[in-house]
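Chemist: This is the content of start_26.cif (mmCIF, C-alpha atoms):
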```cif
data_protein
#
loop_
_atom_site.label_atom_id
_atom_site.label_comp_id
_atom_site.auth_asym_id
_atom_site.auth_seq_id
_atom_site.Cartn_x
_atom_site.Cartn_y
_atom_site.Cartn_z
CA MET M 1 36.30 39.34 39.74
CA VAL M 2 39.44 40.69 41.31
CA PRO M 3 42.39 38.29 41.65
CA TRP M 4 42.70 37.66 45.38
CA SER M 5 46.14 38.23 46.84
CA ASP M 6 47.80 35.83 49.24
CA GLU M 7 47.47 38.52 51.94
CA SER M 8 44.04 39.81 51.02
CA PRO M 9 42.94 42.53 53.46
CA LEU M 10 39.37 42.20 52.20
CA ARG M 11 39.33 38.52 53.17
CA ARG M 12 40.96 39.21 56.52
CA ILE M 13 38.60 42.02 57.50
CA THR M 14 35.18 41.22 56.00
CA ALA M 15 34.37 38.30 58.32
CA GLU M 16 35.04 40.30 61.50
CA SER M 17 31.77 40.54 63.43
CA CYS M 18 32.57 44.05 64.67
CA LEU M 19 31.66 45.29 61.18
CA LEU M 20 28.04 44.37 61.94
CA GLY M 21 28.04 47.26 64.39
CA GLY M 22 28.12 49.55 61.38
CA ALA M 23 25.30 47.77 59.53
CA GLY M 24 22.73 50.46 60.31
CA TYR M 25 25.22 53.16 59.40
CA ALA M 26 25.84 51.58 55.97
CA VAL M 27 22.11 51.15 55.30
CA LEU M 28 21.28 54.75 56.20
CA LEU M 29 24.11 56.01 54.00
CA GLN M 30 22.66 53.98 51.15
CA ILE M 31 19.09 55.24 51.53
CA ALA M 32 20.29 58.83 51.91
CA HIS M 33 20.65 58.55 48.13
CA PRO M 34 17.10 59.44 47.05
CA ALA M 35 16.99 56.84 44.26
CA VAL M 36 18.06 54.05 46.62
CA ALA M 37 15.40 55.13 49.12
CA LEU M 38 12.73 54.99 46.42
CA GLY M 39 13.78 51.51 45.34
CA VAL M 40 13.83 50.17 48.90
CA SER M 41 10.51 51.83 49.73
CA HIS M 42 8.75 50.37 46.69
CA HIS M 43 10.29 46.90 46.54
CA SER M 44 11.77 45.77 49.87
CA ASP M 45 9.89 43.59 52.34
CA PHE M 46 12.43 44.01 55.12
CA GLU M 47 9.77 44.95 57.68
CA LYS M 48 7.88 41.67 57.22
CA ARG M 49 10.97 39.49 56.72
CA PRO M 50 13.86 41.26 58.48
CA PHE M 51 15.92 38.13 59.12
CA ALA M 52 15.57 36.96 55.52
CA ARG M 53 16.64 40.36 54.19
CA LEU M 54 19.57 40.52 56.62
CA PHE M 55 20.65 36.99 55.66
CA GLY M 56 20.40 37.88 51.97
CA THR M 57 22.69 40.88 52.38
CA LEU M 58 25.23 38.99 54.50
CA ALA M 59 25.15 36.03 52.12
CA TYR M 60 26.00 38.35 49.24
CA VAL M 61 28.89 39.95 51.12
CA TYR M 62 30.33 36.77 52.64
CA GLY M 63 29.64 34.64 49.56
CA THR M 64 31.38 37.18 47.34
CA VAL M 65 34.50 37.28 49.49
CA TYR M 66 34.77 33.67 50.70
CA GLY M 67 32.78 31.53 48.28
CA THR M 68 34.24 29.37 45.52
CA ASP M 69 34.20 30.62 41.93
CA ALA M 70 31.14 28.49 41.17
CA GLU M 71 29.32 29.68 44.28
CA ARG M 72 30.05 33.32 43.51
CA GLU M 73 28.90 32.92 39.91
CA ARG M 74 25.60 31.42 41.00
CA LEU M 75 25.06 33.91 43.83
CA HIS M 76 25.75 36.94 41.63
CA ALA M 77 23.49 35.65 38.85
CA VAL M 78 20.63 35.30 41.31
CA VAL M 79 21.20 38.72 42.90
CA ARG M 80 21.40 40.37 39.48
CA ALA M 81 18.14 38.71 38.48
CA MET M 82 16.47 40.00 41.64
CA HIS M 83 17.78 43.54 41.10
CA LYS M 84 16.57 43.65 37.51
CA LYS M 85 13.04 43.79 38.89
CA VAL M 86 13.81 46.81 41.07
CA GLU M 87 13.12 49.79 38.85
CA GLY M 88 10.57 52.55 38.55
CA PRO M 89 10.25 56.31 38.04
CA GLY M 90 13.54 57.84 39.16
CA TYR M 91 15.43 54.67 40.07
CA ARG M 92 16.90 51.48 38.65
CA ALA M 93 18.80 49.16 40.99
CA LEU M 94 21.37 48.14 38.35
CA ASP M 95 22.15 51.73 37.39
CA ASP M 96 25.92 52.26 37.52
CA ASP M 97 25.61 55.24 39.87
CA LEU M 98 23.57 53.27 42.39
CA LEU M 99 25.78 50.17 42.14
CA LEU M 100 28.83 52.34 42.77
CA TRP M 101 27.27 54.09 45.76
CA VAL M 102 26.03 50.93 47.48
CA ALA M 103 29.37 49.15 46.93
CA ALA M 104 31.22 52.22 48.20
CA THR M 105 29.16 52.26 51.41
CA LEU M 106 30.03 48.60 52.08
CA CYS M 107 33.71 49.37 51.50
CA HIS M 108 33.66 52.58 53.55
CA ASN M 109 31.81 50.99 56.48
CA ALA M 110 34.27 48.09 56.65
CA ALA M 111 37.29 50.39 56.50
CA ARG M 112 35.90 52.84 59.07
CA VAL M 113 34.74 50.30 61.66
CA HIS M 114 37.96 48.31 61.22
CA THR M 115 39.93 51.49 61.86
CA LEU M 116 37.87 52.46 64.91
CA VAL M 117 38.10 49.00 66.49
CA SER M 118 41.44 47.60 65.34
CA GLY M 119 43.48 50.69 64.57
CA GLY M 120 43.29 50.62 60.81
CA PHE M 121 45.37 49.17 58.01
CA ARG M 122 49.00 48.22 58.28
CA ASP M 123 50.09 50.84 55.77
CA ALA M 124 48.89 52.85 52.78
CA ASP M 125 49.62 50.01 50.36
CA GLU M 126 47.35 47.64 52.28
CA TYR M 127 44.53 50.19 52.27
CA ALA M 128 44.96 50.69 48.53
CA LEU M 129 44.79 46.92 47.98
CA PHE M 130 41.67 46.72 50.16
CA LEU M 131 39.97 49.37 48.03
CA ARG M 132 40.86 47.58 44.81
CA GLU M 133 39.56 44.27 46.13
CA ALA M 134 36.35 45.86 47.45
CA SER M 135 35.41 46.90 43.92
CA VAL M 136 33.99 43.37 43.55
CA PHE M 137 30.87 44.37 45.52
CA GLY M 138 29.91 46.54 42.54
CA THR M 139 31.50 44.81 39.58
CA ALA M 140 29.89 41.48 40.55
CA LEU M 141 26.52 43.05 39.71
CA GLY M 142 27.58 44.74 36.50
CA LEU M 143 29.42 47.91 37.50
CA PRO M 144 32.15 48.57 34.92
CA ALA M 145 35.57 48.10 36.50
CA GLU M 146 36.69 51.50 35.27
CA ALA M 147 33.86 53.18 37.22
CA TRP M 148 35.41 52.18 40.55
CA PRO M 149 37.85 54.75 42.03
CA ASP M 150 41.27 53.25 41.35
CA SER M 151 43.23 54.77 44.27
CA PRO M 152 42.66 55.97 47.85
CA GLU M 153 42.80 59.56 46.62
CA ALA M 154 40.20 58.86 43.93
CA PHE M 155 37.97 57.01 46.41
CA ASP M 156 38.19 59.82 48.97
CA ALA M 157 37.34 62.41 46.30
CA TYR M 158 34.38 60.34 45.09
CA TRP M 159 33.18 59.80 48.65
CA LYS M 160 33.24 63.50 49.54
CA GLU M 161 31.40 64.46 46.36
CA ALA M 162 28.82 61.69 46.79
CA VAL M 163 28.13 62.53 50.46
CA ASP M 164 27.69 66.20 49.57
CA ARG M 165 24.93 65.19 47.13
CA LEU M 166 22.97 63.05 49.62
CA GLU M 167 19.47 64.10 50.55
CA VAL M 168 17.28 62.45 53.17
CA ASN M 169 13.81 62.26 51.61
CA PRO M 170 10.52 61.22 53.28
CA GLN M 171 10.92 57.63 52.06
CA ALA M 172 14.35 57.41 53.72
CA ARG M 173 12.98 58.73 57.03
CA ASP M 174 10.11 56.24 56.91
CA ILE M 175 12.48 53.34 56.18
CA THR M 176 14.71 54.45 59.06
CA ARG M 177 11.83 54.59 61.51
CA ARG M 178 10.75 51.05 60.61
CA LEU M 179 14.30 49.71 60.42
CA LEU M 180 15.43 51.04 63.81
CA HIS M 181 12.17 50.22 65.61
CA PRO M 182 11.36 46.66 64.45
CA ARG M 183 8.41 44.63 65.67
CA GLN M 184 10.32 41.38 66.19
CA PRO M 185 11.31 40.96 69.89
CA VAL M 186 14.85 39.70 69.17
CA LEU M 187 15.69 42.59 66.87
CA ARG M 188 13.94 45.08 69.13
CA ALA M 189 16.21 44.02 72.02
CA LEU M 190 19.33 44.67 69.90
CA MET M 191 18.21 48.01 68.51
CA PRO M 192 19.19 50.41 71.34
CA LEU M 193 22.86 49.63 70.72
CA GLN M 194 22.43 49.67 66.93
CA ARG M 195 20.62 53.04 67.11
CA LEU M 196 23.45 54.46 69.22
CA LEU M 197 26.16 53.20 66.85
CA THR M 198 24.26 54.27 63.74
CA ALA M 199 23.63 57.80 64.97
CA GLY M 200 27.17 58.14 66.33
CA LEU M 201 28.81 57.10 63.06
CA LEU M 202 26.68 59.33 60.83
CA PRO M 203 27.75 62.87 59.95
CA GLU M 204 25.81 65.47 61.92
CA GLU M 205 23.90 66.73 58.87
CA LEU M 206 22.62 63.26 57.96
CA ARG M 207 21.87 62.42 61.58
CA GLU M 208 19.66 65.49 61.79
CA GLY M 209 18.11 64.71 58.39
CA PHE M 210 17.07 61.28 59.61
CA GLY M 211 15.73 62.77 62.83
CA LEU M 212 18.00 60.70 65.07
CA PRO M 213 18.36 62.21 68.55
CA TRP M 214 21.81 63.11 69.82
CA SER M 215 23.24 64.78 72.91
CA PRO M 216 26.49 65.13 74.87
CA GLY M 217 25.35 62.18 76.98
CA ARG M 218 24.82 59.98 73.92
CA GLN M 219 28.23 61.05 72.60
CA ARG M 220 29.88 59.99 75.87
CA LEU M 221 28.06 56.65 75.75
CA PHE M 222 29.10 56.14 72.11
CA ASP M 223 32.74 56.92 72.98
CA GLY M 224 32.56 54.53 75.93
CA VAL M 225 31.20 51.68 73.81
CA LEU M 226 34.00 52.21 71.27
CA ALA M 227 36.67 52.32 73.98
CA LEU M 228 35.37 49.10 75.55
CA THR M 229 35.18 47.40 72.16
CA ARG M 230 38.74 48.43 71.27
CA THR M 231 39.94 46.88 74.54
CA VAL M 232 37.95 43.65 74.55
CA TYR M 233 37.46 42.73 70.89
CA PRO M 234 41.13 41.94 70.03
CA LEU M 235 41.19 39.51 72.98
CA VAL M 236 38.40 37.40 71.50
CA PRO M 237 39.74 34.40 69.50
CA ARG M 238 39.31 34.88 65.76
CA PRO M 239 37.10 31.77 65.30
CA VAL M 240 34.63 33.40 67.69
CA ARG M 241 34.92 36.82 66.07
CA VAL M 242 34.10 35.40 62.63
CA LEU M 243 31.36 33.04 63.86
CA PRO M 244 28.48 35.00 62.22
CA ALA M 245 30.21 34.78 58.85
CA THR M 246 30.99 31.10 59.34
CA LEU M 247 27.37 30.30 60.22
CA CYS M 248 26.01 32.38 57.35
CA LEU M 249 28.25 30.66 54.83
CA TRP M 250 27.44 27.24 56.28
CA SER M 251 23.73 27.97 56.01
CA MET M 252 24.12 29.27 52.46
CA ARG M 253 25.93 26.10 51.39
CA ARG M 254 23.58 23.87 53.32
CA GLY M 255 20.46 25.00 51.56
CA ASP M 256 20.11 28.72 50.95
CA PRO M 257 20.86 28.45 47.19
CA VAL M 258 17.42 26.82 46.95
CA ARG M 259 15.87 29.67 48.90
CA PHE M 260 17.61 32.25 46.71
CA SER M 261 16.38 30.39 43.63
CA ARG M 262 12.79 30.44 44.82
CA ARG M 263 12.92 34.16 45.44
CA SER M 264 14.25 34.88 41.99
CA GLY M 265 12.14 32.38 40.08
CA ARG M 266 15.19 30.44 38.94
CA PRO M 267 15.35 26.64 39.13
CA GLY M 268 17.07 25.31 42.21
CA PRO M 269 20.13 23.05 42.19
CA ARG M 270 19.68 19.41 41.32
CA GLY M 271 20.94 16.65 43.53
CA PRO M 272 22.08 16.77 47.15
CA VAL M 273 23.37 20.04 48.58
CA ARG M 274 26.79 19.91 50.16
CA ARG M 275 26.74 20.53 53.90
CA ARG M 276 30.35 21.47 54.40
CA ALA M 277 31.02 24.70 56.27
CA ILE M 278 33.16 27.48 54.87
CA ARG M 279 35.46 29.04 57.43
CA PRO M 280 36.73 32.58 56.69
CA ARG M 281 40.48 32.83 56.89
#
```
Kindly return the structure encoded in the file as structure tokens.
Modeler:
Amino acid sequence: MVPWSDESPLRRITAESCLLGGAGYAVLLQIAHPAVALGVSHHSDFEKRPFARLFGTLAYVYGTVYGTDAERERLHAVVRAMHKKVEGPGYRALDDDLLLWVAATLCHNAARVHTLVSGGFRDADEYALFLREASVFGTALGLPAEAWPDSPEAFDAYWKEAVDRLEVNPQARDITRRLLHPRQPVLRALMPLQRLLTAGLLPEELREGFGLPWSPGRQRLFDGVLALTRTVYPLVPRPVRVLPATLCLWSMRRGDPVRFSRRSGRPGPRGPVRRRAIRPR
């Protein structure tokens, strides 16, 4: 675990709900790695249980950044146990290369959406600290600390090289079709905006690889949504902006450790579960 600073940019930024606008973008970047797409295609049940899968991902991110030491230790042990089962011909979820790529997409998405909405980091030193702190998304699951790019220049070089090696395979296109056109009415109602943001954030080559439609009209709509968000979002009180993270952490503390335990086959906690909310700061 990284030692959190008193002015941790990772803690300040991660809870912001605007980052959820880049959720589809981060997922499609991840599955553009052929091995990740194979693992998701063969092992994920996101289509049948989309809310459970979304909660699991958010619980990992928010629990890692805002949980106590004991909560993080338990959460990471459960997630590692789940990922150990995800392996097959051509992929292994706990492979260092895949851990690095998935963690890098979480870091990159947060930094990019934060920059688009809030104007970016205060200075180069804060961005460098954010990158160092974000290494925890990989190291918590077993990525060696030395494998994480140790500077903005190293991260940018890794990112360019990794993106150049991406390849959208048939499994990735199938996952994208099911992900962006869900059956559940609530998710289906939210998807037009998520499809717009996802396609607009992706590089043109990947957007075409995934078969996502784009046009000058969609570009203007994307730019308009960003402009409106940049104007309105900073006016929203922070407790409201971080409400999704607060609710997710409250739910995780209230009872989700039991749910995680059942999924992984590990024994659940004994005794009463604390029902105190965690509020991101």
Chemist: Considering all atoms listed in the file, give me a table of residues in segment 176-231 of chain M that are at most 12 Å from segment 119-125 of chain M, with the closest atom pair and distance in Å for each, as CSV.
Modeler:
```
residue,atom,partner,partner_atom,distance
M:Leu226,CA,M:Gly119,CA,11.7
M:Ala227,CA,M:Gly119,CA,11.7
M:Thr229,CA,M:Gly119,CA,11.7
M:Arg230,CA,M:Gly119,CA,8.5
M:Thr231,CA,M:Gly119,CA,11.2
```
Chemist: Show which residues sit within 12 Å of Asp45 of chain M, as number ranges by chain. Count only C-alpha atoms, and ignore same-chain residues fewer than 6 positions away.
Modeler: M: 39, 51-54, 56, 175, 178-179
Chemist: Using all atoms listed in the file, can you tell me which of M:Ala32, M:Ala26, M:Ala140, M:Ala104 comes closest to Ala77 of chain M?
Modeler: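 Ranking M:Ala32, M:Ala26, M:Ala140, M:Ala104 by distance to Ala77 of chain M, first place goes to M:Ala140.
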Chemist: Name the residues in contact with Gly21 of chain M at a cut-off of 10 Å, using all atoms listed in the file, excluding same-chain residues fewer than 5 positions from it; report them as a VMD selection string.
Modeler: chain M and resid 26 109 to 110 113 193 to 198 201
Chemist: Do you have the atom CA of Met82 of chain M-atom CA of Phe55 of chain M distance handy?
Modeler: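 Rounded to one decimal, the two atoms are 14.9 Å apart.
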Chemist: Written as number ranges by chain, what is the full residue list that the PyMOL selection byres ((chain M and resi 13) around 10) yields on the file shown?
Modeler: M: 8-12, 14-19, 110-111, 114, 121, 130, 242, 280-281
Chemist: Mind giving me the straight-line distance from atom CA of Gly67 of chain M to atom CA of His43 of chain M in Å, one decimal?
Modeler: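 So the answer is 27.3 Å.
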Chemist: Which residue gives the smallest distance to Leu143 of chain M among M:Arg241, M:Arg80, M:Arg74, M:His181, with only C-alpha atoms counted?
Modeler: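 Among the listed residues, the smallest separation from Leu143 of chain M belongs to M:Arg80.
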